[in-house]
$ cat entry-v2.cif   # mmCIF, C-alpha atoms and all ligand atoms
data_work
#
loop_
_atom_site.label_atom_id
_atom_site.label_comp_id
_atom_site.auth_asym_id
_atom_site.auth_seq_id
_atom_site.Cartn_x
_atom_site.Cartn_y
_atom_site.Cartn_z
CA ARG A 1 124.62 102.48 88.92
CA TYR A 2 121.01 103.31 88.22
CA SER A 3 119.86 106.83 88.98
CA ARG A 4 116.19 107.14 88.03
CA ILE A 5 113.71 105.04 89.98
CA GLY A 6 109.91 104.83 89.94
CA PHE A 7 108.27 103.83 93.24
CA VAL A 8 104.64 102.76 93.59
CA GLY A 9 103.01 101.97 96.95
CA LEU A 10 104.02 104.55 99.55
CA GLY A 11 102.30 103.00 102.58
CA ASN A 12 103.66 102.05 105.99
CA MET A 13 106.66 100.32 104.44
CA GLY A 14 107.04 101.89 101.00
CA GLY A 15 106.97 105.48 102.28
CA HIS A 16 110.09 104.90 104.38
CA MET A 17 111.81 102.82 101.72
CA ALA A 18 111.31 105.56 99.14
CA LYS A 19 112.69 108.18 101.53
CA ASN A 20 115.82 106.08 102.03
CA LEU A 21 116.36 106.04 98.27
CA LEU A 22 116.12 109.84 98.21
CA LYS A 23 118.69 110.01 101.02
CA LYS A 24 121.05 107.98 98.84
CA SER A 25 120.57 110.57 96.03
CA TYR A 26 118.45 108.50 93.68
CA LYS A 27 116.07 110.52 91.49
CA LEU A 28 112.65 109.29 92.40
CA THR A 29 109.27 109.48 90.67
CA VAL A 30 106.44 108.22 92.86
CA TYR A 31 102.82 107.17 92.52
CA ASP A 32 100.17 106.14 95.04
CA LEU A 33 96.38 106.28 95.12
CA ASN A 34 96.69 108.03 98.46
CA LYS A 35 97.40 111.72 97.77
CA SER A 36 98.82 112.52 101.19
CA ALA A 37 101.35 109.69 100.89
CA VAL A 38 102.47 111.26 97.59
CA THR A 39 102.67 114.77 99.10
CA ASN A 40 104.83 113.43 101.90
CA LEU A 41 107.38 112.10 99.39
CA VAL A 42 107.25 115.19 97.18
CA GLU A 43 108.11 117.27 100.25
CA ALA A 44 111.10 114.99 100.78
CA GLY A 45 112.31 115.65 97.22
CA ALA A 46 110.54 113.17 94.91
CA ASN A 47 108.66 113.95 91.69
CA SER A 48 105.11 112.71 91.45
CA ALA A 49 103.46 111.12 88.41
CA PRO A 50 99.72 111.32 87.63
CA ASN A 51 99.50 107.56 87.07
CA VAL A 52 101.65 104.47 87.06
CA ALA A 53 102.20 104.49 83.28
CA GLU A 54 103.63 108.03 83.40
CA MET A 55 105.77 107.00 86.35
CA SER A 56 107.18 104.05 84.41
CA LYS A 57 108.07 105.89 81.20
CA GLU A 58 111.12 107.79 82.37
CA VAL A 59 112.81 105.46 84.82
CA GLU A 60 115.44 102.69 84.74
CA VAL A 61 114.04 100.77 87.71
CA VAL A 62 110.50 100.35 89.05
CA ILE A 63 109.94 99.31 92.68
CA SER A 64 106.53 98.35 94.06
CA MET A 65 105.42 97.88 97.68
CA LEU A 66 101.71 97.04 97.46
CA PRO A 67 99.27 95.25 99.79
CA SER A 68 98.62 91.94 98.00
CA ASN A 69 98.23 89.76 94.89
CA GLN A 70 95.57 91.68 92.99
CA HIS A 71 97.23 95.07 93.50
CA VAL A 72 100.49 93.72 92.08
CA LEU A 73 98.75 92.13 89.09
CA ASP A 74 96.83 95.35 88.40
CA ILE A 75 99.83 97.66 88.68
CA TYR A 76 102.04 95.58 86.41
CA THR A 77 99.77 93.79 83.94
CA GLY A 78 96.62 95.94 84.02
CA GLU A 79 95.65 98.33 81.24
CA ASN A 80 98.06 101.29 81.47
CA GLY A 81 100.15 99.29 83.90
CA VAL A 82 103.92 99.22 84.25
CA LEU A 83 104.43 96.61 81.50
CA SER A 84 102.56 98.72 78.95
CA ALA A 85 104.69 101.80 79.59
CA ALA A 86 108.21 100.97 80.77
CA LYS A 87 111.10 101.23 78.30
CA LYS A 88 112.86 98.09 77.10
CA ASN A 89 115.18 96.41 79.59
CA VAL A 90 113.88 98.30 82.65
CA LEU A 91 114.37 96.35 85.91
CA LEU A 92 111.14 95.73 87.84
CA ILE A 93 111.43 94.95 91.56
CA ASP A 94 108.34 93.88 93.50
CA SER A 95 108.89 93.98 97.25
CA SER A 96 105.26 93.27 98.20
CA THR A 97 104.54 89.95 99.91
CA VAL A 98 102.49 87.95 97.40
CA ASP A 99 101.95 84.41 96.14
CA PRO A 100 105.08 83.09 94.36
CA SER A 101 102.85 82.22 91.38
CA VAL A 102 101.88 85.90 91.05
CA SER A 103 105.58 86.87 90.84
CA GLN A 104 106.13 84.11 88.25
CA SER A 105 103.15 85.21 86.18
CA VAL A 106 104.18 88.89 86.18
CA ALA A 107 107.78 87.89 85.34
CA SER A 108 106.78 85.87 82.30
CA GLN A 109 104.54 88.66 81.00
CA ALA A 110 107.35 91.17 81.65
CA GLN A 111 109.71 89.06 79.57
CA LYS A 112 107.33 89.32 76.61
CA HIS A 113 107.70 93.12 76.87
CA ASN A 114 111.51 92.82 77.07
CA LEU A 115 111.42 93.82 80.71
CA ARG A 116 113.21 92.17 83.64
CA PHE A 117 111.36 91.25 86.83
CA ILE A 118 112.53 90.10 90.27
CA ASP A 119 110.55 89.40 93.44
CA SER A 120 112.13 90.89 96.51
CA PRO A 121 109.87 90.64 99.58
CA VAL A 122 111.22 91.92 102.86
CA SER A 123 111.50 90.87 106.45
CA GLY A 124 111.70 93.46 109.16
CA GLY A 125 108.75 95.71 109.89
CA VAL A 126 108.09 99.43 109.70
CA ASN A 127 111.05 100.29 111.96
CA ALA A 128 113.48 98.36 109.76
CA ALA A 129 111.98 100.10 106.70
CA LYS A 130 112.57 103.45 108.40
CA ASP A 131 116.11 102.61 109.53
CA GLY A 132 117.06 101.09 106.17
CA THR A 133 117.81 97.72 107.80
CA LEU A 134 115.36 95.47 105.93
CA THR A 135 116.32 92.01 104.68
CA PHE A 136 115.45 91.46 101.01
CA MET A 137 114.81 87.91 99.77
CA VAL A 138 115.34 87.98 96.04
CA GLY A 139 114.10 85.65 93.30
CA GLY A 140 115.12 86.14 89.68
CA SER A 141 118.09 85.71 87.35
CA SER A 142 121.49 86.12 88.99
CA THR A 143 122.29 88.97 86.58
CA ASP A 144 119.16 90.88 87.56
CA PHE A 145 120.00 90.20 91.21
CA ASP A 146 123.48 91.71 90.72
CA HIS A 147 121.97 94.76 89.05
CA ALA A 148 119.39 95.24 91.81
CA GLN A 149 121.81 94.89 94.68
CA SER A 150 122.97 98.50 95.12
CA VAL A 151 119.39 99.81 94.92
CA LEU A 152 118.21 97.29 97.53
CA GLU A 153 121.19 98.01 99.76
CA ALA A 154 120.02 101.63 99.92
CA MET A 155 116.92 100.34 101.77
CA GLY A 156 118.21 97.31 103.64
CA SER A 157 121.16 95.77 105.42
CA ARG A 158 120.87 92.26 103.95
CA VAL A 159 120.11 91.26 100.37
CA VAL A 160 119.87 87.49 99.91
CA TYR A 161 119.66 85.62 96.61
CA CYS A 162 117.07 82.82 96.89
CA GLY A 163 116.91 81.43 93.33
CA ASP A 164 114.57 81.84 90.37
CA VAL A 165 111.61 84.22 90.28
CA GLY A 166 109.17 83.44 93.10
CA MET A 167 111.83 81.99 95.41
CA GLY A 168 112.07 85.20 97.44
CA GLN A 169 108.34 84.86 98.15
CA ALA A 170 108.74 81.15 98.86
CA ALA A 171 111.47 81.86 101.43
CA LYS A 172 109.40 84.57 103.06
CA LEU A 173 106.22 82.53 103.40
CA CYS A 174 108.02 79.42 104.73
CA ASN A 175 109.81 81.53 107.35
CA ASN A 176 106.65 83.27 108.46
CA MET A 177 104.70 80.02 108.63
CA LEU A 178 107.34 78.58 110.95
CA LEU A 179 107.34 81.79 112.98
CA ALA A 180 103.56 81.57 113.48
CA ILE A 181 103.76 77.91 114.50
CA SER A 182 106.61 78.50 116.95
CA MET A 183 104.90 81.55 118.44
CA ILE A 184 101.66 79.63 119.01
CA GLY A 185 103.65 76.73 120.53
CA THR A 186 105.52 79.09 122.82
CA ALA A 187 102.29 80.75 123.95
CA GLU A 188 100.70 77.34 124.61
CA ALA A 189 103.62 76.14 126.69
CA PHE A 190 103.76 79.30 128.80
CA ASN A 191 100.01 79.32 129.33
CA LEU A 192 99.98 75.69 130.44
CA GLY A 193 103.01 76.19 132.68
CA GLN A 194 101.28 79.02 134.51
CA LYS A 195 98.02 77.06 134.82
CA LEU A 196 100.10 74.41 136.55
CA GLY A 197 101.40 77.00 138.98
CA LEU A 198 104.81 77.60 137.43
CA ASP A 199 106.32 81.07 137.41
CA ALA A 200 106.66 82.36 133.83
CA LYS A 201 110.17 83.73 134.39
CA VAL A 202 111.37 80.42 135.79
CA LEU A 203 109.86 78.63 132.81
CA ALA A 204 111.51 81.10 130.40
CA ASN A 205 114.83 80.44 132.09
CA ILE A 206 114.44 76.70 131.64
CA ILE A 207 113.10 76.77 128.08
CA ASN A 208 115.69 79.25 126.86
CA SER A 209 118.51 77.04 128.03
CA SER A 210 116.81 73.81 126.93
CA SER A 211 115.61 72.13 123.76
CA GLY A 212 112.32 74.08 123.57
CA ARG A 213 114.16 77.32 122.95
CA CYS A 214 113.20 79.32 119.85
CA TRP A 215 113.20 82.93 118.68
CA SER A 216 109.68 83.44 120.08
CA SER A 217 110.62 82.19 123.56
CA ASP A 218 114.06 83.79 123.71
CA LEU A 219 113.85 87.15 121.94
CA TYR A 220 110.13 87.90 121.51
CA ASN A 221 108.49 86.21 124.49
CA PRO A 222 104.67 86.51 124.31
CA VAL A 223 104.19 86.67 128.12
CA PRO A 224 104.05 90.28 129.40
CA GLY A 225 106.91 91.24 131.72
CA ILE A 226 109.51 88.63 130.73
CA LEU A 227 111.33 90.85 128.24
CA PRO A 228 111.07 94.64 128.64
CA ASN A 229 111.18 95.83 125.04
CA VAL A 230 108.88 93.51 123.14
CA PRO A 231 105.22 94.09 122.18
CA SER A 232 103.89 91.68 124.87
CA SER A 233 105.23 94.04 127.54
CA LYS A 234 103.59 97.03 125.82
CA ASN A 235 100.02 95.78 125.63
CA TYR A 236 100.90 94.00 122.37
CA GLU A 237 101.25 97.35 120.57
CA GLY A 238 103.58 97.78 117.59
CA GLY A 239 105.49 94.84 116.13
CA PHE A 240 104.06 92.53 113.49
CA GLY A 241 100.27 92.67 113.32
CA THR A 242 97.98 89.63 113.44
CA THR A 243 96.37 90.74 110.16
CA LEU A 244 99.69 90.63 108.31
CA MET A 245 100.50 87.26 109.87
CA ALA A 246 97.11 85.88 108.81
CA LYS A 247 97.75 87.19 105.29
CA ASP A 248 101.13 85.44 105.06
CA LEU A 249 99.64 82.20 106.42
CA GLY A 250 96.93 82.46 103.76
CA LEU A 251 99.68 82.66 101.12
CA ALA A 252 101.35 79.58 102.63
CA GLN A 253 97.99 77.81 102.61
CA SER A 254 97.30 78.49 98.93
CA ALA A 255 100.85 77.59 97.94
CA ALA A 256 100.47 74.31 99.84
CA ILE A 257 97.16 73.56 98.12
CA ARG A 258 98.66 74.27 94.71
CA THR A 259 101.64 72.00 95.32
CA GLN A 260 99.63 69.36 97.23
CA THR A 261 101.92 69.71 100.22
CA PRO A 262 100.64 68.83 103.69
CA ILE A 263 101.05 71.72 106.15
CA PRO A 264 98.85 70.56 109.06
CA LEU A 265 100.32 73.00 111.58
CA GLY A 266 100.52 75.87 109.08
CA SER A 267 96.83 75.41 108.26
CA LEU A 268 95.92 75.34 111.93
CA ALA A 269 98.05 78.42 112.57
CA HIS A 270 96.13 80.21 109.79
CA GLN A 271 92.81 79.36 111.45
CA ILE A 272 94.09 80.39 114.89
CA TYR A 273 95.17 83.81 113.60
CA ARG A 274 91.84 84.28 111.85
CA ALA A 275 90.07 83.46 115.13
CA ILE A 276 92.34 85.93 116.95
CA ILE A 277 91.36 88.67 114.49
CA ALA A 278 87.66 87.81 114.87
CA HIS A 279 88.16 88.00 118.64
CA GLY A 280 89.05 91.71 118.22
CA PHE A 281 92.85 91.54 118.19
CA SER A 282 93.34 92.75 114.61
CA ASN A 283 95.50 95.70 115.68
CA LYS A 284 97.73 93.75 118.02
CA ASP A 285 101.14 92.17 117.55
CA PHE A 286 101.03 88.48 116.62
CA SER A 287 102.41 87.44 120.05
CA VAL A 288 98.90 88.31 121.37
CA VAL A 289 98.13 84.61 120.75
CA TYR A 290 99.25 84.13 124.37
CA GLN A 291 96.54 86.52 125.60
CA PHE A 292 94.04 84.81 123.32
CA LEU A 293 94.78 81.36 124.77
CA LYS A 294 94.66 82.72 128.30
CA GLU A 295 91.26 84.31 127.71
CA SER A 296 89.94 81.23 125.92
CA ALA A 297 90.74 79.13 128.98
CA SER A 298 89.09 81.39 131.54
P1 LIG A 301 100.10 99.64 103.23
O1 LIG A 301 98.70 99.21 103.05
O2 LIG A 301 100.48 100.53 104.37
O3 LIG A 301 100.63 100.36 101.89
C1 LIG A 301 100.24 99.99 100.60
C2 LIG A 301 100.19 101.26 99.74
O4 LIG A 301 99.85 100.87 98.40
C3 LIG A 301 99.15 102.27 100.20
O5 LIG A 301 99.73 103.56 100.31
C4 LIG A 301 98.10 102.22 99.07
O6 LIG A 301 97.47 103.48 98.85
C5 LIG A 301 98.96 101.84 97.89
N1 LIG A 301 98.20 101.26 96.79
C6 LIG A 301 97.32 100.23 96.82
N2 LIG A 301 96.83 99.98 95.59
C7 LIG A 301 97.41 100.86 94.76
C8 LIG A 301 97.31 101.12 93.37
N3 LIG A 301 96.51 100.39 92.58
N4 LIG A 301 98.04 102.13 92.87
C9 LIG A 301 98.85 102.86 93.64
N5 LIG A 301 99.00 102.67 94.96
C10 LIG A 301 98.28 101.68 95.51
O7 LIG A 301 100.96 98.27 103.29
P2 LIG A 301 102.42 98.05 103.95
O8 LIG A 301 102.27 97.75 105.40
O9 LIG A 301 103.32 99.13 103.49
O10 LIG A 301 102.83 96.66 103.26
C11 LIG A 301 103.19 96.56 101.90
C12 LIG A 301 103.64 95.14 101.62
O11 LIG A 301 104.74 94.79 102.45
C13 LIG A 301 102.55 94.07 101.88
O12 LIG A 301 102.62 93.11 100.88
C14 LIG A 301 102.95 93.50 103.24
O13 LIG A 301 102.53 92.17 103.40
C15 LIG A 301 104.46 93.61 103.17
N6 LIG A 301 105.15 93.68 104.47
C16 LIG A 301 104.69 94.53 105.44
C17 LIG A 301 105.34 94.60 106.66
C18 LIG A 301 104.85 95.51 107.75
O14 LIG A 301 105.30 95.38 108.89
N7 LIG A 301 103.95 96.46 107.47
C19 LIG A 301 106.48 93.81 106.91
C20 LIG A 301 106.95 92.98 105.89
C21 LIG A 301 106.27 92.92 104.67
#
$ encode --input "entry-v2.cif" --output "C-alpha cells" --more "lines below"
Ligand code: NAD
Amino acid sequence: RYSRIGFVGLGNMGGHMAKNLLKKSYKLTVYDLNKSAVTNLVEAGANSAPNVAEMSKEVEVVISMLPSNQHVLDIYTGENGVLSAAKKNVLLIDSSTVDPSVSQSVASQAQKHNLRFIDSPVSGGVNAAKDGTLTFMVGGSSTDFDHAQSVLEAMGSRVVYCGDVGMGQAAKLCNNMLLAISMIGTAEAFNLGQKLGLDAKVLANIINSSSGRCWSSDLYNPVPGILPNVPSSKNYEGGFGTTLMAKDLGLAQSAAIRTQTPIPLGSLAHQIYRAIIAHGFSNKDFSVVYQFLKESAS
C-alpha cells in the first residue's frame, strides 16, 4: 500500500477528499494557490509544499482536483510541473473533470518521464466528497487501476474501471449530458402539464409509474414541493450547480466536434444551461431549468 501522497487542488471537492485520506492515515503533502485552503489541511495534519514541484518530489502518488483543462495541463506539463519533478514510476491520478484528450495528452507525456497516469473523475457532489462516498470512473492501464484502488477507496464508495486513459472522462461526460437532457425534458413535461391544468403531484405519480420515468422525475424532481429533500424544494440551493453542468456540456460538445458525432440534444442542452446562467441562475442547482421555463412562458 502507498503511504505518501501529494494532493493539489484543495477546493470544494479536493479539500474534503484530502481530509479523508488523512483520516485513513496516509501521509499527505498538499499544494494550492489558495493559502487558506492549505492552512485548513495543515491544521488537519497535512504537510504543505511551497510549490507543486516540491510537493511531487517526495511522494509515491500525486492526486489532482483542479477546475478545468488548462489548470490540469499547467500543473502536470508546465515548467516546474509534476512531470518535471516526480520520481520515476510515481502514480498520477487526475480526478478533475476535463476533456478526455487532455487526460490522453498528459498520460503520453507522463510516459516519456517514466510516470504512470490515470484519469479518475468523480460523480457525487460536495456532500459525497465529504462523506467519502464518491464514485470514481477510472481510465488507464488495468495495473495502474489495481494500484490506485485502495487510495481511491479511501475517498469513495465505488471505483469503476472504464478502459484506457480518457475513458473515465468519457463515461462522466456522457452520463452528465444524458442527465442534462433528461432534466430539461422532465422540466418541460411538468411545466406543460401544469399549463394544461394538471396537478404536478398527479403528473409525478403517473410519470413515475409509466414510461416517462427517469432519475430526474423520480428522485430529483425539479418541481418544488413534490419531493421534500431535493434542491427544487429548497429554492434550488445546494446540489449540482448550473455552472458545473454547463462546463460538462461544453466538454461533451468539444468531444463531439472532435469525433464528428452528432449530439443535437446535448448541444441544445448546453445552450439552454448557458441561457439559464445568463438569466441569473448561476448559483442554483441544475434542476432550476424548471423555474427558467416557467418564467420564460409568463
Ligand atoms: P474549486 O474551484 O472549488 O477547487 C479548485 C481548487 O484548485 C481551488 O482551491 C484552486 O485554488 C485550486 N487551483 C486552481 N489552479 C491551481 C494551480 N495552478 N495550482 C494549485 N491550485 C490550483 O473546484 P471543485 O468544485 O472542487 O471542482 C474540482 C473539479 O471537480 C472540477 O473539475 C469539477 O468539474 C469537478 N467536480 C465537481 C463537483 C462539485 O460538485 N463541485 C462534482 C463532480 C466533479
$ closest_atom_pairs --input "entry-v2.cif" --of "region 43-76 of chain A" --to "region 91-107 of chain A" --cutoff "10 Å" --atoms "all atoms listed in the file" --output "Markdown table"
| residue | atom | partner | partner_atom | distance |
| --- | --- | --- | --- | --- |
| A:Ser56 | CA | A:Leu92 | CA | 9.8 |
| A:Val59 | CA | A:Leu91 | CA | 9.3 |
| A:Glu60 | CA | A:Leu91 | CA | 6.5 |
| A:Val61 | CA | A:Leu91 | CA | 4.8 |
| A:Val62 | CA | A:Leu92 | CA | 4.8 |
| A:Ile63 | CA | A:Ile93 | CA | 4.7 |
| A:Ser64 | CA | A:Asp94 | CA | 4.9 |
| A:Met65 | CA | A:Ser96 | CA | 4.6 |
| A:Leu66 | CA | A:Ser96 | CA | 5.2 |
| A:Pro67 | CA | A:Ser96 | CA | 6.5 |
| A:Ser68 | CA | A:Val98 | CA | 5.6 |
| A:Asn69 | CA | A:Val98 | CA | 5.3 |
| A:Gln70 | CA | A:Val102 | CA | 8.8 |
| A:His71 | CA | A:Ser96 | CA | 9.5 |
| A:Val72 | CA | A:Ser96 | CA | 7.8 |
| A:Leu73 | CA | A:Val106 | CA | 7.0 |
| A:Tyr76 | CA | A:Val106 | CA | 7.0 |
$ residues_near_ligand --input "entry-v2.cif" --ligand "ligand LIG 301 (chain A)" --cutoff "9 Å" --atoms "all atoms listed in the file" --output "count of residues only"
50
$ atom_distance --input "entry-v2.cif" --atom1 "CA of Gly132 (chain A)" --atom2 "CA of Phe286 (chain A)"
22.9 Å
$ residues_around --input "entry-v2.cif" --residues "Glu153 (chain A)" --least-positions-apart "5" --cutoff "12 Å" --atoms "all atoms listed in the file" --output "VMD selection string"
chain A and resid 17 20 to 21 24 120 129 131 to 137 145 to 148 158 to 160
$ residues_around --input "entry-v2.cif" --residues "region 190-196 of chain A" --least-positions-apart "4" --cutoff "12 Å" --atoms "all atoms listed in the file" --output "VMD selection string"
chain A and resid 183 to 186 200 to 207 212 216 to 217 221 to 224 226 289 to 298
$ atom_distance --input "entry-v2.cif" --atom1 "CA of Tyr26 (chain A)" --atom2 "CA of Ala154 (chain A)"
9.4 Å
$ atom_distance --input "entry-v2.cif" --atom1 "CA of Gln149 (chain A)" --atom2 "CA of Gly166 (chain A)"
17.1 Å
$ axis_aligned_box --input "entry-v2.cif" --around "region 84-99 of chain A" --padding-each-side "3 Å" --output "lines of an AutoDock Vina configuration file"
center_x = 108.6
center_y = 93.1
center_z = 88.5
size_x = 19.2
size_y = 23.4
size_z = 28.8
$ residues_near_point --input "entry-v2.cif" --point "(103.5, 80.3, 107.2)" --cutoff "12 Å" --atoms "all atoms listed in the file" --output "short mmCIF file (atom, residue, chain, number, x, y, z; two decimals) with C-alpha atoms, in the coordinates of the input"
data_model
loop_
_atom_site.label_atom_id
_atom_site.label_comp_id
_atom_site.auth_asym_id
_atom_site.auth_seq_id
_atom_site.Cartn_x
_atom_site.Cartn_y
_atom_site.Cartn_z
CA ASP A 99 101.95 84.41 96.14
CA GLN A 169 108.34 84.86 98.15
CA ALA A 170 108.74 81.15 98.86
CA ALA A 171 111.47 81.86 101.43
CA LYS A 172 109.40 84.57 103.06
CA LEU A 173 106.22 82.53 103.40
CA CYS A 174 108.02 79.42 104.73
CA ASN A 175 109.81 81.53 107.35
CA ASN A 176 106.65 83.27 108.46
CA MET A 177 104.70 80.02 108.63
CA LEU A 178 107.34 78.58 110.95
CA LEU A 179 107.34 81.79 112.98
CA ALA A 180 103.56 81.57 113.48
CA ILE A 181 103.76 77.91 114.50
CA SER A 182 106.61 78.50 116.95
CA MET A 183 104.90 81.55 118.44
CA ILE A 184 101.66 79.63 119.01
CA LEU A 244 99.69 90.63 108.31
CA MET A 245 100.50 87.26 109.87
CA ALA A 246 97.11 85.88 108.81
CA LYS A 247 97.75 87.19 105.29
CA ASP A 248 101.13 85.44 105.06
CA LEU A 249 99.64 82.20 106.42
CA GLY A 250 96.93 82.46 103.76
CA LEU A 251 99.68 82.66 101.12
CA ALA A 252 101.35 79.58 102.63
CA GLN A 253 97.99 77.81 102.61
CA SER A 254 97.30 78.49 98.93
CA ALA A 255 100.85 77.59 97.94
CA ALA A 256 100.47 74.31 99.84
CA ILE A 263 101.05 71.72 106.15
CA PRO A 264 98.85 70.56 109.06
CA LEU A 265 100.32 73.00 111.58
CA GLY A 266 100.52 75.87 109.08
CA SER A 267 96.83 75.41 108.26
CA LEU A 268 95.92 75.34 111.93
CA ALA A 269 98.05 78.42 112.57
CA HIS A 270 96.13 80.21 109.79
CA GLN A 271 92.81 79.36 111.45
CA TYR A 273 95.17 83.81 113.60
#
$ closest_residue --input "entry-v2.cif" --among "A:Val230, A:Ile257, A:Thr242, A:Gln109" --to "Ile277 (chain A)" --atoms "only C-alpha atoms"
A:Thr242
$ closest_residue --input "entry-v2.cif" --among "A:Ala278, A:Glu188, A:Val288, A:Cys214" --to "Lys234 (chain A)" --atoms "only C-alpha atoms"
A:Val288
$ closest_residue --input "entry-v2.cif" --among "A:Cys162, A:Leu83, A:Ala110, A:Leu41" --to "Ser142 (chain A)" --atoms "all atoms listed in the file"
A:Cys162
$ build_atoms --input "entry-v2.cif" --residues "region 229-236 of chain A" --atoms "all heavy atoms" --output "PDB file, keeping the file's coordinate frame"
ATOM      1  N   ASN A 229     111.400  95.019 126.246  1.00  0.00           N
ATOM      2  CA  ASN A 229     111.180  95.830 125.040  1.00  0.00           C
ATOM      3  C   ASN A 229     110.496  95.118 123.892  1.00  0.00           C
ATOM      4  O   ASN A 229     110.774  95.377 122.733  1.00  0.00           O
ATOM      5  CB  ASN A 229     112.524  96.405 124.562  1.00  0.00           C
ATOM      6  CG  ASN A 229     112.949  97.527 125.469  1.00  0.00           C
ATOM      7  OD1 ASN A 229     112.118  98.334 125.896  1.00  0.00           O
ATOM      8  ND2 ASN A 229     114.221  97.563 125.812  1.00  0.00           N
ATOM      9  N   VAL A 230     109.602  94.216 124.205  1.00  0.00           N
ATOM     10  CA  VAL A 230     108.880  93.510 123.140  1.00  0.00           C
ATOM     11  C   VAL A 230     107.390  93.880 123.234  1.00  0.00           C
ATOM     12  O   VAL A 230     106.934  94.357 124.281  1.00  0.00           O
ATOM     13  CB  VAL A 230     109.084  91.982 123.237  1.00  0.00           C
ATOM     14  CG1 VAL A 230     110.533  91.619 122.966  1.00  0.00           C
ATOM     15  CG2 VAL A 230     108.618  91.446 124.568  1.00  0.00           C
ATOM     16  N   PRO A 231     106.622  93.681 122.165  1.00  0.00           N
ATOM     17  CA  PRO A 231     105.220  94.090 122.180  1.00  0.00           C
ATOM     18  C   PRO A 231     104.404  93.518 123.358  1.00  0.00           C
ATOM     19  O   PRO A 231     103.528  94.205 123.897  1.00  0.00           O
ATOM     20  CB  PRO A 231     104.689  93.600 120.830  1.00  0.00           C
ATOM     21  CG  PRO A 231     105.873  93.698 119.930  1.00  0.00           C
ATOM     22  CD  PRO A 231     107.044  93.284 120.790  1.00  0.00           C
ATOM     23  N   SER A 232     104.694  92.270 123.788  1.00  0.00           N
ATOM     24  CA  SER A 232     103.890  91.680 124.870  1.00  0.00           C
ATOM     25  C   SER A 232     103.961  92.518 126.146  1.00  0.00           C
ATOM     26  O   SER A 232     103.017  92.553 126.926  1.00  0.00           O
ATOM     27  CB  SER A 232     104.322  90.233 125.154  1.00  0.00           C
ATOM     28  OG  SER A 232     105.657  90.183 125.593  1.00  0.00           O
ATOM     29  N   SER A 233     105.093  93.213 126.341  1.00  0.00           N
ATOM     30  CA  SER A 233     105.230  94.040 127.540  1.00  0.00           C
ATOM     31  C   SER A 233     104.687  95.449 127.322  1.00  0.00           C
ATOM     32  O   SER A 233     104.765  96.299 128.202  1.00  0.00           O
ATOM     33  CB  SER A 233     106.700  94.107 127.967  1.00  0.00           C
ATOM     34  OG  SER A 233     107.134  92.820 128.351  1.00  0.00           O
ATOM     35  N   LYS A 234     104.161  95.710 126.119  1.00  0.00           N
ATOM     36  CA  LYS A 234     103.590  97.030 125.820  1.00  0.00           C
ATOM     37  C   LYS A 234     102.169  96.865 125.304  1.00  0.00           C
ATOM     38  O   LYS A 234     101.804  97.430 124.265  1.00  0.00           O
ATOM     39  CB  LYS A 234     104.447  97.733 124.755  1.00  0.00           C
ATOM     40  CG  LYS A 234     105.892  97.921 125.144  1.00  0.00           C
ATOM     41  CD  LYS A 234     106.668  98.455 123.952  1.00  0.00           C
ATOM     42  CE  LYS A 234     108.161  98.468 124.225  1.00  0.00           C
ATOM     43  NZ  LYS A 234     108.925  98.733 123.003  1.00  0.00           N
ATOM     44  N   ASN A 235     101.410  96.027 126.003  1.00  0.00           N
ATOM     45  CA  ASN A 235     100.020  95.780 125.630  1.00  0.00           C
ATOM     46  C   ASN A 235      99.881  95.283 124.187  1.00  0.00           C
ATOM     47  O   ASN A 235      98.895  95.555 123.511  1.00  0.00           O
ATOM     48  CB  ASN A 235      99.184  97.047 125.860  1.00  0.00           C
ATOM     49  CG  ASN A 235      97.703  96.763 125.877  1.00  0.00           C
ATOM     50  OD1 ASN A 235      97.291  95.626 126.159  1.00  0.00           O
ATOM     51  ND2 ASN A 235      96.890  97.755 125.536  1.00  0.00           N
ATOM     52  N   TYR A 236     100.879  94.567 123.725  1.00  0.00           N
ATOM     53  CA  TYR A 236     100.900  94.000 122.370  1.00  0.00           C
ATOM     54  C   TYR A 236     100.777  95.059 121.269  1.00  0.00           C
ATOM     55  O   TYR A 236     100.262  94.803 120.190  1.00  0.00           O
ATOM     56  CB  TYR A 236      99.829  92.904 122.207  1.00  0.00           C
ATOM     57  CG  TYR A 236     100.028  91.751 123.167  1.00  0.00           C
ATOM     58  CD1 TYR A 236      99.307  91.680 124.360  1.00  0.00           C
ATOM     59  CD2 TYR A 236     100.960  90.756 122.907  1.00  0.00           C
ATOM     60  CE1 TYR A 236      99.512  90.638 125.269  1.00  0.00           C
ATOM     61  CE2 TYR A 236     101.175  89.714 123.814  1.00  0.00           C
ATOM     62  CZ  TYR A 236     100.444  89.656 124.982  1.00  0.00           C
ATOM     63  OH  TYR A 236     100.657  88.635 125.874  1.00  0.00           O
TER      64      TYR A 236
END
